[in-house]
>>> print(open('model_23.cif').read())   # mmCIF, C-alpha atoms
data_work
#
loop_
_atom_site.label_atom_id
_atom_site.label_comp_id
_atom_site.auth_asym_id
_atom_site.auth_seq_id
_atom_site.Cartn_x
_atom_site.Cartn_y
_atom_site.Cartn_z
CA MET A 53 107.66 -23.65 29.84
CA ARG A 54 108.40 -26.28 32.53
CA MET A 55 105.42 -27.39 34.55
CA THR A 56 107.09 -26.63 37.89
CA SER A 57 107.49 -22.95 36.97
CA ALA A 58 104.37 -22.57 34.80
CA VAL A 59 101.67 -20.06 35.71
CA ILE A 60 97.95 -19.94 34.93
CA ASP A 61 95.02 -17.53 35.02
CA PRO A 62 94.04 -17.14 38.72
CA ARG A 63 90.26 -17.15 38.10
CA PRO A 64 89.63 -20.91 37.77
CA LEU A 65 91.46 -21.46 41.07
CA ALA A 66 89.44 -18.64 42.64
CA GLY A 67 86.24 -20.39 41.55
CA THR A 68 87.44 -23.61 43.12
CA ARG A 69 88.38 -21.74 46.31
CA ILE A 70 84.82 -20.43 46.61
CA ALA A 71 83.35 -23.92 46.05
CA LEU A 72 85.73 -25.47 48.60
CA GLY A 73 85.12 -22.71 51.16
CA VAL A 74 81.35 -22.95 50.92
CA THR A 75 81.48 -26.75 51.22
CA SER A 76 83.89 -26.55 54.13
CA ALA A 77 81.48 -24.20 55.93
CA SER A 78 78.66 -26.69 55.39
CA VAL A 79 80.79 -29.61 56.69
CA ALA A 80 81.81 -27.47 59.69
CA VAL A 81 78.19 -26.71 60.60
CA ARG A 82 77.27 -30.40 60.41
CA SER A 83 80.34 -31.31 62.46
CA ILE A 84 79.48 -28.77 65.17
CA LEU A 85 76.00 -30.31 65.45
CA ILE A 86 77.48 -33.82 65.69
CA LEU A 87 80.12 -32.66 68.22
CA ASP A 88 77.39 -31.18 70.38
CA GLN A 89 75.66 -34.57 70.51
CA LEU A 90 78.95 -36.42 71.09
CA ALA A 91 79.61 -34.22 74.11
CA ALA A 92 76.75 -35.95 75.96
CA PRO A 93 78.17 -38.20 78.72
CA ASP A 94 76.54 -41.39 77.42
CA ALA A 95 77.20 -40.80 73.70
CA LEU A 96 79.09 -43.43 71.72
CA ARG A 97 82.63 -42.11 71.22
CA LEU A 98 84.90 -43.61 68.57
CA PRO A 99 88.10 -41.55 68.58
CA LEU A 100 89.91 -41.43 65.25
CA PHE A 101 93.36 -40.18 66.30
CA LEU A 102 92.67 -37.99 69.37
CA SER A 103 90.98 -39.42 72.49
CA TRP A 104 90.08 -36.03 73.92
CA GLU A 105 86.95 -35.13 75.83
CA ILE A 106 84.78 -32.67 73.93
CA THR A 107 85.22 -29.41 75.80
CA PRO A 108 84.02 -25.87 75.03
CA TRP A 109 87.54 -25.20 73.70
CA LEU A 110 87.10 -27.89 71.08
CA MET A 111 83.70 -26.52 70.18
CA ALA A 112 85.40 -23.13 69.74
CA LEU A 113 87.97 -24.77 67.46
CA ALA A 114 85.15 -26.15 65.31
CA ALA A 115 83.63 -22.66 65.23
CA ALA A 116 87.04 -21.36 64.09
CA TRP A 117 86.90 -23.91 61.27
CA LEU A 118 83.54 -22.46 60.22
CA ALA A 119 84.81 -18.87 60.39
CA ALA A 120 87.98 -19.76 58.48
CA SER A 121 85.91 -21.51 55.80
CA ILE A 122 83.88 -18.35 55.23
CA ALA A 123 87.03 -16.17 55.16
CA TYR A 124 88.68 -18.59 52.71
CA ALA A 125 85.57 -18.59 50.47
CA VAL A 126 85.38 -14.79 50.25
CA GLY A 127 89.16 -14.48 50.00
CA TRP A 128 89.77 -12.45 53.13
CA MET A 129 93.23 -13.15 54.55
CA THR A 130 93.00 -16.17 52.29
CA ARG A 131 96.22 -17.97 53.16
CA PRO A 132 95.99 -17.61 57.00
CA ALA A 133 92.29 -18.52 56.76
CA GLY A 134 93.18 -21.61 54.75
CA VAL A 135 95.82 -22.67 57.28
CA VAL A 136 93.39 -22.19 60.21
CA LEU A 137 90.77 -24.14 58.24
CA LEU A 138 93.19 -27.05 57.71
CA ILE A 139 94.35 -27.20 61.35
CA ALA A 140 90.89 -26.75 62.89
CA MET A 141 89.28 -29.24 60.51
CA ALA A 142 91.98 -31.90 61.03
CA THR A 143 91.78 -31.55 64.82
CA THR A 144 87.98 -31.66 64.89
CA VAL A 145 87.68 -34.65 62.55
CA ALA A 146 90.43 -36.53 64.44
CA LEU A 147 88.23 -36.44 67.56
CA ASP A 148 85.78 -39.07 66.36
CA GLN A 149 85.22 -41.49 63.49
CA GLN A 150 81.65 -40.20 63.30
CA LEU A 151 83.04 -36.87 62.06
CA TYR A 152 85.27 -38.39 59.39
CA SER A 153 84.21 -38.93 55.80
CA ASN A 154 86.26 -39.46 52.67
CA HIS A 155 84.46 -36.40 51.28
CA ALA A 156 85.89 -34.29 54.13
CA TYR A 157 89.31 -35.86 53.57
CA LEU A 158 89.18 -34.91 49.87
CA LEU A 159 88.10 -31.38 50.78
CA TRP A 160 91.03 -31.10 53.21
CA LEU A 161 93.53 -32.29 50.58
CA LEU A 162 92.22 -29.87 47.95
CA VAL A 163 92.28 -26.87 50.29
CA GLY A 164 95.83 -27.81 51.32
CA LEU A 165 96.99 -28.07 47.70
CA SER A 166 95.27 -24.80 46.77
CA LEU A 167 97.30 -23.00 49.45
CA LEU A 168 100.50 -24.01 47.67
CA SER A 169 99.37 -21.71 44.84
CA THR A 170 97.66 -18.32 45.40
CA PRO A 171 93.93 -19.05 45.78
CA GLY A 172 93.13 -15.47 46.84
CA ALA A 173 94.65 -13.82 43.74
CA ALA A 174 91.26 -13.21 42.04
CA TRP A 175 87.61 -12.83 43.04
CA SER A 176 88.68 -12.10 46.59
CA ILE A 177 88.65 -9.34 49.19
CA ASP A 178 92.46 -9.67 49.32
CA GLY A 179 92.75 -8.98 45.61
CA ARG A 180 90.16 -6.19 45.39
CA GLY A 181 91.41 -3.21 43.41
CA ARG A 182 94.50 -5.06 42.24
CA THR A 183 95.25 -6.58 38.86
CA PRO A 184 95.28 -10.33 39.47
CA GLU A 185 98.66 -11.88 38.78
CA PRO A 186 98.92 -15.36 37.23
CA VAL A 187 99.37 -18.10 39.83
CA ALA A 188 101.55 -21.21 40.11
CA ALA A 189 100.18 -24.04 37.99
CA TRP A 190 101.72 -27.10 39.68
CA PRO A 191 99.41 -27.14 42.75
CA VAL A 192 96.46 -26.93 40.33
CA VAL A 193 97.89 -29.90 38.39
CA LEU A 194 98.07 -31.86 41.67
CA MET A 195 94.47 -30.88 42.56
CA CYS A 196 93.28 -32.22 39.21
CA ALA A 197 95.43 -35.35 39.59
CA GLN A 198 93.85 -35.90 43.01
CA VAL A 199 90.36 -35.68 41.50
CA SER A 200 91.42 -38.16 38.79
CA ILE A 201 92.71 -40.58 41.46
CA VAL A 202 89.36 -40.31 43.26
CA TYR A 203 87.37 -40.93 40.07
CA ILE A 204 89.52 -43.83 38.85
CA GLY A 205 89.71 -45.39 42.34
CA ALA A 206 85.96 -45.05 42.84
CA GLY A 207 85.28 -46.44 39.36
CA LEU A 208 87.62 -49.43 39.61
CA THR A 209 86.34 -50.51 43.03
CA LYS A 210 82.78 -50.52 41.66
CA VAL A 211 83.73 -53.13 39.07
CA ASN A 212 82.54 -56.05 41.22
CA PRO A 213 79.58 -58.41 40.73
CA VAL A 214 77.60 -57.03 43.68
CA PHE A 215 77.75 -53.41 42.53
CA LEU A 216 77.21 -54.22 38.84
CA SER A 217 74.09 -56.28 39.71
CA GLY A 218 72.43 -53.03 40.82
CA ALA A 219 71.81 -54.34 44.35
CA MET A 220 73.99 -51.68 45.97
CA LEU A 221 72.38 -48.68 44.31
CA ALA A 222 68.89 -50.11 44.78
CA ARG A 223 69.62 -50.26 48.54
CA PHE A 224 70.61 -46.62 48.77
CA ILE A 225 67.95 -45.18 46.48
CA GLU A 226 65.50 -43.13 48.50
CA GLU A 227 61.73 -43.61 48.45
CA ARG A 228 61.31 -40.22 46.78
CA ALA A 229 63.26 -41.57 43.78
CA ALA A 230 61.47 -44.92 43.48
CA TRP A 231 61.46 -44.41 39.71
CA ALA A 232 65.23 -44.99 39.73
CA VAL A 233 65.03 -48.48 41.29
CA GLY A 234 64.05 -50.01 37.94
CA SER A 235 67.14 -48.44 36.37
CA ALA A 236 69.50 -49.42 39.20
CA GLN A 237 71.35 -52.05 37.15
CA LEU A 238 71.79 -49.73 34.17
CA LEU A 239 72.97 -46.92 36.48
CA SER A 240 75.34 -49.38 38.21
CA VAL A 241 76.99 -50.32 34.93
CA MET A 242 77.14 -46.70 33.75
CA THR A 243 78.54 -45.24 37.00
CA PRO A 244 82.02 -46.89 36.98
CA LEU A 245 82.32 -46.31 33.24
CA VAL A 246 81.56 -42.59 33.63
CA GLU A 247 83.83 -42.27 36.69
CA ILE A 248 86.82 -43.89 34.98
CA ALA A 249 86.16 -41.86 31.80
CA LEU A 250 86.04 -38.63 33.87
CA GLY A 251 89.28 -39.51 35.68
CA ILE A 252 91.11 -39.82 32.38
CA GLY A 253 89.11 -37.75 29.89
CA LEU A 254 88.86 -34.44 31.80
CA TRP A 255 92.53 -33.97 30.85
CA SER A 256 91.62 -34.14 27.15
CA ALA A 257 90.35 -31.01 25.37
CA ARG A 258 88.69 -33.28 22.83
CA TYR A 259 86.48 -35.20 25.28
CA ARG A 260 86.17 -32.65 28.09
CA ARG A 261 82.85 -31.06 27.07
CA ILE A 262 80.92 -34.29 26.73
CA LEU A 263 82.47 -35.58 29.97
CA ILE A 264 81.53 -32.41 31.84
CA VAL A 265 77.92 -33.03 30.79
CA ALA A 266 78.25 -36.67 31.97
CA GLY A 267 79.85 -35.52 35.24
CA LEU A 268 77.11 -32.97 35.85
CA GLY A 269 74.53 -35.69 35.23
CA LEU A 270 76.30 -38.06 37.63
CA HIS A 271 76.82 -35.55 40.44
CA LEU A 272 73.39 -33.95 40.21
CA THR A 273 71.59 -37.30 40.01
CA ILE A 274 73.36 -38.84 43.02
CA PRO A 275 72.09 -36.36 45.67
CA LEU A 276 68.62 -36.45 44.10
CA VAL A 277 68.12 -40.21 44.28
CA MET A 278 70.31 -41.44 47.13
CA ALA A 279 70.09 -41.21 50.90
CA GLY A 280 72.38 -38.73 52.70
CA THR A 281 71.59 -35.80 50.41
CA VAL A 282 73.59 -33.07 52.21
CA GLU A 283 76.83 -35.07 52.36
CA LEU A 284 76.47 -36.16 48.75
CA LEU A 285 75.70 -32.62 47.68
CA GLU A 286 78.84 -31.42 49.47
CA PHE A 287 80.88 -34.05 47.63
CA SER A 288 79.33 -32.99 44.31
CA VAL A 289 80.19 -29.32 44.90
CA VAL A 290 83.80 -30.21 45.80
CA ILE A 291 84.27 -32.35 42.70
CA LEU A 292 82.35 -30.14 40.25
CA GLY A 293 84.19 -27.11 41.66
CA THR A 294 87.45 -28.49 40.26
CA TYR A 295 86.22 -29.08 36.71
CA TRP A 296 87.23 -25.61 35.50
CA LEU A 297 90.81 -26.26 36.65
CA PHE A 298 91.34 -29.06 34.15
CA PRO A 299 91.89 -26.97 30.96
CA ALA A 300 94.66 -24.94 32.65
CA ALA A 301 96.14 -28.02 34.35
CA ALA A 302 96.19 -29.96 31.08
CA ARG A 303 97.90 -27.04 29.31
CA ALA A 304 100.49 -26.81 32.10
CA VAL A 305 101.23 -30.54 31.86
CA ARG A 306 101.75 -30.19 28.11
CA GLY A 307 104.03 -27.20 28.65
CA ARG A 308 101.57 -24.77 27.07
CA SER A 309 100.68 -22.61 30.05
CA GLN A 310 100.17 -18.87 29.78
CA PRO A 311 103.01 -16.41 29.84
CA SER A 312 103.43 -14.70 33.20
CA ARG A 313 101.52 -11.47 32.62
CA PRO A 314 98.75 -9.89 34.70
CA VAL A 315 95.18 -10.88 33.91
CA ASP A 316 92.82 -8.22 32.52
CA SER A 317 91.22 -6.86 35.67
CA SER A 318 88.08 -5.74 33.81
CA SER A 319 87.03 -9.37 33.49
CA THR A 320 87.33 -10.16 37.19
CA ALA A 321 84.59 -9.76 39.73
CA PRO A 322 84.75 -9.17 43.47
CA ALA A 323 83.90 -12.07 45.76
CA MET B 115 116.75 -25.97 43.05
CA ARG B 116 113.17 -24.81 43.71
CA SER B 117 112.03 -26.53 40.55
CA ARG B 118 113.57 -29.81 41.70
CA LEU B 119 111.93 -29.51 45.14
CA VAL B 120 108.55 -28.90 43.52
CA ALA B 121 109.00 -31.87 41.19
CA THR B 122 110.00 -34.11 44.12
CA PHE B 123 106.97 -32.97 46.12
CA MET B 124 104.65 -33.63 43.18
CA VAL B 125 105.97 -37.15 42.60
CA ALA B 126 105.91 -37.97 46.34
CA TYR B 127 102.35 -36.68 46.72
CA LEU B 128 101.07 -38.68 43.76
CA VAL B 129 102.87 -41.88 44.83
CA ILE B 130 101.42 -41.61 48.36
CA GLN B 131 97.91 -41.01 47.06
CA VAL B 132 98.04 -43.88 44.57
CA VAL B 133 99.55 -46.27 47.16
CA LEU B 134 96.95 -45.25 49.78
CA ALA B 135 94.11 -45.80 47.32
CA PHE B 136 95.43 -49.25 46.35
CA ALA B 137 96.20 -50.25 49.96
CA ALA B 138 92.63 -49.38 50.94
CA THR B 139 91.25 -51.96 48.52
CA THR B 140 92.72 -54.84 50.58
CA ARG B 141 91.06 -53.62 53.80
CA GLU B 142 87.50 -53.84 55.02
CA ARG B 143 85.38 -51.65 52.74
CA PRO B 144 84.88 -48.78 52.66
CA ALA B 145 88.37 -48.21 54.06
CA ARG B 146 89.50 -44.87 55.40
CA PHE B 147 91.61 -42.78 52.98
CA GLY B 148 90.27 -44.88 50.10
CA TRP B 149 87.73 -44.01 47.45
CA GLN B 150 85.35 -46.98 47.55
CA MET B 151 82.21 -44.97 48.10
CA TYR B 152 79.14 -47.18 47.73
CA SER B 153 81.20 -49.79 45.87
CA TYR B 154 80.35 -52.74 48.08
CA PRO B 155 77.64 -53.55 50.62
CA GLY B 156 78.08 -51.93 53.99
CA TYR B 157 77.11 -55.14 55.74
CA ILE B 158 74.72 -54.59 58.60
CA THR B 159 76.27 -55.42 61.95
CA LEU B 160 73.97 -56.28 64.82
CA PHE B 161 74.91 -55.71 68.44
CA SER B 162 72.96 -57.93 70.87
CA TYR B 163 73.03 -57.38 74.62
CA GLU B 164 70.93 -57.70 77.73
CA THR B 165 69.06 -54.81 79.29
CA ALA B 166 66.59 -54.63 82.18
CA ASP B 167 63.85 -55.07 79.57
CA GLY B 168 65.41 -58.22 78.17
CA PRO B 169 67.53 -59.03 75.10
CA THR B 170 68.09 -56.08 72.79
CA GLU B 171 69.41 -56.01 69.24
CA LYS B 172 70.59 -52.80 67.57
CA THR B 173 72.46 -51.76 64.44
CA LEU B 174 75.22 -49.15 64.32
CA ASP B 175 72.71 -46.71 62.82
CA GLU B 176 70.64 -46.99 66.01
CA LEU B 177 73.62 -46.66 68.38
CA ALA B 178 75.75 -43.95 66.81
CA THR B 179 75.22 -40.21 66.71
CA HIS B 180 76.32 -40.21 63.09
CA ALA B 181 76.73 -43.72 61.67
CA ARG B 182 79.05 -44.21 58.74
CA ALA B 183 79.85 -47.25 56.60
CA ASP B 184 83.58 -46.82 57.31
CA ILE B 185 83.19 -47.37 61.06
CA HIS B 186 84.57 -50.89 61.56
CA ASP B 187 85.48 -50.43 65.23
CA ARG B 188 83.13 -53.14 66.50
CA LEU B 189 85.07 -54.05 69.64
CA ARG B 190 85.10 -50.43 70.82
CA ILE B 191 81.35 -50.24 70.29
CA ALA B 192 80.97 -53.46 72.32
CA ALA B 193 83.08 -51.94 75.12
CA TRP B 194 80.84 -48.85 75.13
CA LEU B 195 77.74 -51.05 75.38
CA CYS B 196 79.37 -52.88 78.30
CA ASP B 197 79.95 -49.54 80.07
CA THR B 198 76.58 -47.96 79.41
CA GLN B 199 74.22 -50.95 79.51
CA ALA B 200 75.71 -52.98 82.40
CA THR B 201 75.30 -56.08 80.26
CA PRO B 202 77.41 -59.22 80.94
CA THR B 203 78.20 -59.79 77.24
CA VAL B 204 77.76 -58.18 73.85
CA SER B 205 77.27 -60.35 70.77
CA ILE B 206 78.31 -58.95 67.41
CA THR B 207 76.71 -60.55 64.36
CA ARG B 208 78.02 -59.78 60.92
CA LEU B 209 77.88 -61.76 57.68
CA GLY B 210 76.16 -64.64 59.48
CA GLU B 211 78.94 -65.01 62.07
CA THR B 212 78.49 -64.10 65.74
CA GLU B 213 81.28 -63.09 68.08
CA THR B 214 80.55 -62.75 71.80
CA VAL B 215 82.53 -60.21 73.78
CA PRO B 216 82.48 -60.62 77.59
CA CYS B 217 82.22 -57.44 79.62
CA GLY B 218 84.46 -56.62 82.56
#
>>> encode(input="model_23.cif", output="structure tokens")
Amino acid sequence: MRMTSAVIDPRPLAGTRIALGVTSASVAVRSILILDQLAAPDALRLPLFLSWEITPWLMALAAAWLAASIAYAVGWMTRPAGVVLLIAMATTVALDQQLYSNHAYLLWLLVGLSLLSTPGAAWSIDGRGRTPEPVAAWPVVLMCAQVSIVYIGAGLTKVNPVFLSGAMLARFIEERAAWAVGSAQLLSVMTPLVEIALGIGLWSARYRRILIVAGLGLHLTIPLVMAGTVELLEFSVVILGTYWLFPAAARAVRGRSQPSRPVDSSSTAPA
Amino acid sequence: MRSRLVATFMVAYLVIQVVLAFAATTRERPARFGWQMYSYPGYITLFSYETADGPTEKTLDELATHARADIHDRLRIAAWLCDTQATPTVSITRLGETETVPCG
């Protein structure tokens, strides 16, 4: 079957939708708190694309982002909720560089790509009482490719003398994880290796299991030892929430996706 | 036809993402739309200016509501200090080099 017309089980994408929705809600709450502070007359403003004053209307837009994130996570009016999420998030983040992060950018891209498939087909209020139909595979392939680009890009840019010396990680390691300072150089050598291996190896059935363990170790260790726990945790949830897409994406790329038949509804759960 | 459109979209998306990621590596790190998280030191930039209490020196962390390593907009921060602190100049020190921005 050609990749552009291939279909996959809707449940992995539903799992990713829940992870993305929950993370988006968390980012929205943090952004609302930052927006509130940026609305002060003497606050430092660094517009990203939009030089607008922060008005109650814009605060309402950020609140709409939060509401849409929750609706997207539970799969209620999933596609409209996803579109509102994308528009409200883009507008809010464009107001100030202090609201932007590459984690939020990745989240935005993944939600956008998910909407090109049918993220609300399973484990959703929309799909309750219905037999979930298989969903388009190609957006899922792009989501996985995007995660690979992030991993490989992040890994390659860490191959520099300053990072490999351990100085960078040592600087960001929190006091509560002082035990990790002594291992900073080892961690600094391991991190790009694991990231590049994840970017490539998650596509391989042979290496996927061991790499998932390595990825879990990487993404659970980072928020524990480094400063900025909430943001790093959000990033970890976004990335880890795509891991279960890789088997289906890899099968679709190899032309071995599932036939287009409904999924056994007895094995699905409501959101 | 639909299949061809999907294939074109997929190729275009991947090309844009790969080009953006590579282009970011030639810009000040961490660059926006790149994936250089924690890959290189976020050099500390100091903003020096005069207040009624005398010379003051602050980092971006102390000035911003939510400081981020990818905020490289130093001149805009200097302009904000000019507006809010009524200082005649703002000096920006980064990587051992100091640039003085006159206000007004």
>>> resolve_selection(input="model_23.cif", expression="the PyMOL selection byres ((chain A and resi 267) around 12)", output="ChimeraX atom specification")
/A:203,242-251,253-254,259-266,268-274,288-289,291-295
>>> atom_distance(input="model_23.cif", atom1="atom CA of A:Leu96", atom2="atom CA of A:Ala120")
28.5 Å
>>> resolve_selection(input="model_23.cif", expression="the PyMOL selection byres ((chain B) within 6 of (chain A))", output="ChimeraX atom specification")
/B:117,149-150,153,178,180
>>> atom_distance(input="model_23.cif", atom1="atom CA of A:Gly172", atom2="atom CA of A:Gly127")
5.2 Å
>>> closest_residue(input="model_23.cif", among="B:Gly218, B:Gly148, B:Gly168, B:Pro202", to="B:Asp184", atoms="all atoms listed in the file")
B:Gly148
>>> resolve_selection(input="model_23.cif", expression="the PyMOL selection byres ((chain A and resi 277-279) around 10)", output="PyMOL selection string")
chain A and resi 221-233+272-276+280-284
>>> atom_distance(input="model_23.cif", atom1="atom CA of A:Ala236", atom2="atom CA of A:Leu285")
19.8 Å
>>> closest_residue(input="model_23.cif", among="B:Tyr163, B:Leu209, B:Phe147, B:Arg116", to="B:Ile130", atoms="all atoms listed in the file")
B:Phe147
>>> closest_residue(input="model_23.cif", among="A:Leu161, A:Leu110, A:Leu167, A:Ile252", to="A:Pro132", atoms="all atoms listed in the file")
A:Leu167
>>> residues_around(input="model_23.cif", residues="A:Ile60", least_positions_apart="4", cutoff="12 Å", atoms="all atoms listed in the file", output="ChimeraX atom specification")
/A:53,55-56,64-66,169-171,173-174,184-193,297-305,307-315
>>> residues_around(input="model_23.cif", residues="stretch 71-77 of chain A", least_positions_apart="2", cutoff="6 Å", atoms="all atoms listed in the file", output="MDAnalysis selection string")
chainID A and resid 68:69 79:80 118 121 124:125 286 290 293
>>> decode(input="model_23.cif", residues="stretch 238-274 of chain A", atoms="C-alpha atoms", output="PDB file, in the first residue's frame")
ATOM      1  CA  LEU A 238      29.913  11.560  30.936  1.00  0.00           C
ATOM      2  CA  LEU A 239      26.311  12.774  30.558  1.00  0.00           C
ATOM      3  CA  SER A 240      27.487  15.383  28.015  1.00  0.00           C
ATOM      4  CA  VAL A 241      29.114  12.731  25.841  1.00  0.00           C
ATOM      5  CA  MET A 242      26.164  10.352  26.201  1.00  0.00           C
ATOM      6  CA  THR A 243      23.432  12.929  25.476  1.00  0.00           C
ATOM      7  CA  PRO A 244      24.226  13.672  21.787  1.00  0.00           C
ATOM      8  CA  LEU A 245      24.905   9.990  21.151  1.00  0.00           C
ATOM      9  CA  VAL A 246      21.520   8.992  22.595  1.00  0.00           C
ATOM     10  CA  GLU A 247      19.717  11.844  20.795  1.00  0.00           C
ATOM     11  CA  ILE A 248      21.155  10.972  17.383  1.00  0.00           C
ATOM     12  CA  ALA A 249      20.512   7.250  18.008  1.00  0.00           C
ATOM     13  CA  LEU A 250      16.875   8.025  18.950  1.00  0.00           C
ATOM     14  CA  GLY A 251      16.390  10.191  15.842  1.00  0.00           C
ATOM     15  CA  ILE A 252      17.413   7.311  13.612  1.00  0.00           C
ATOM     16  CA  GLY A 253      16.772   4.155  15.631  1.00  0.00           C
ATOM     17  CA  LEU A 254      13.143   4.741  16.688  1.00  0.00           C
ATOM     18  CA  TRP A 255      12.276   3.868  13.078  1.00  0.00           C
ATOM     19  CA  SER A 256      13.871   0.436  13.491  1.00  0.00           C
ATOM     20  CA  ALA A 257      11.872  -2.409  15.068  1.00  0.00           C
ATOM     21  CA  ARG A 258      15.166  -4.048  15.986  1.00  0.00           C
ATOM     22  CA  TYR A 259      16.553  -1.184  18.100  1.00  0.00           C
ATOM     23  CA  ARG A 260      13.317   0.507  19.191  1.00  0.00           C
ATOM     24  CA  ARG A 261      12.899  -1.177  22.590  1.00  0.00           C
ATOM     25  CA  ILE A 262      16.384  -0.433  23.866  1.00  0.00           C
ATOM     26  CA  LEU A 263      16.139   3.120  22.508  1.00  0.00           C
ATOM     27  CA  ILE A 264      12.794   3.694  24.218  1.00  0.00           C
ATOM     28  CA  VAL A 265      14.474   2.753  27.508  1.00  0.00           C
ATOM     29  CA  ALA A 266      17.337   5.167  26.676  1.00  0.00           C
ATOM     30  CA  GLY A 267      14.837   7.889  25.707  1.00  0.00           C
ATOM     31  CA  LEU A 268      12.863   7.414  28.918  1.00  0.00           C
ATOM     32  CA  GLY A 269      16.103   7.675  30.874  1.00  0.00           C
ATOM     33  CA  LEU A 270      17.095  10.845  29.017  1.00  0.00           C
ATOM     34  CA  HIS A 271      13.734  12.600  29.290  1.00  0.00           C
ATOM     35  CA  LEU A 272      13.056  11.644  32.891  1.00  0.00           C
ATOM     36  CA  THR A 273      16.569  12.563  34.037  1.00  0.00           C
ATOM     37  CA  ILE A 274      16.600  16.010  32.396  1.00  0.00           C
TER      38      ILE A 274
END
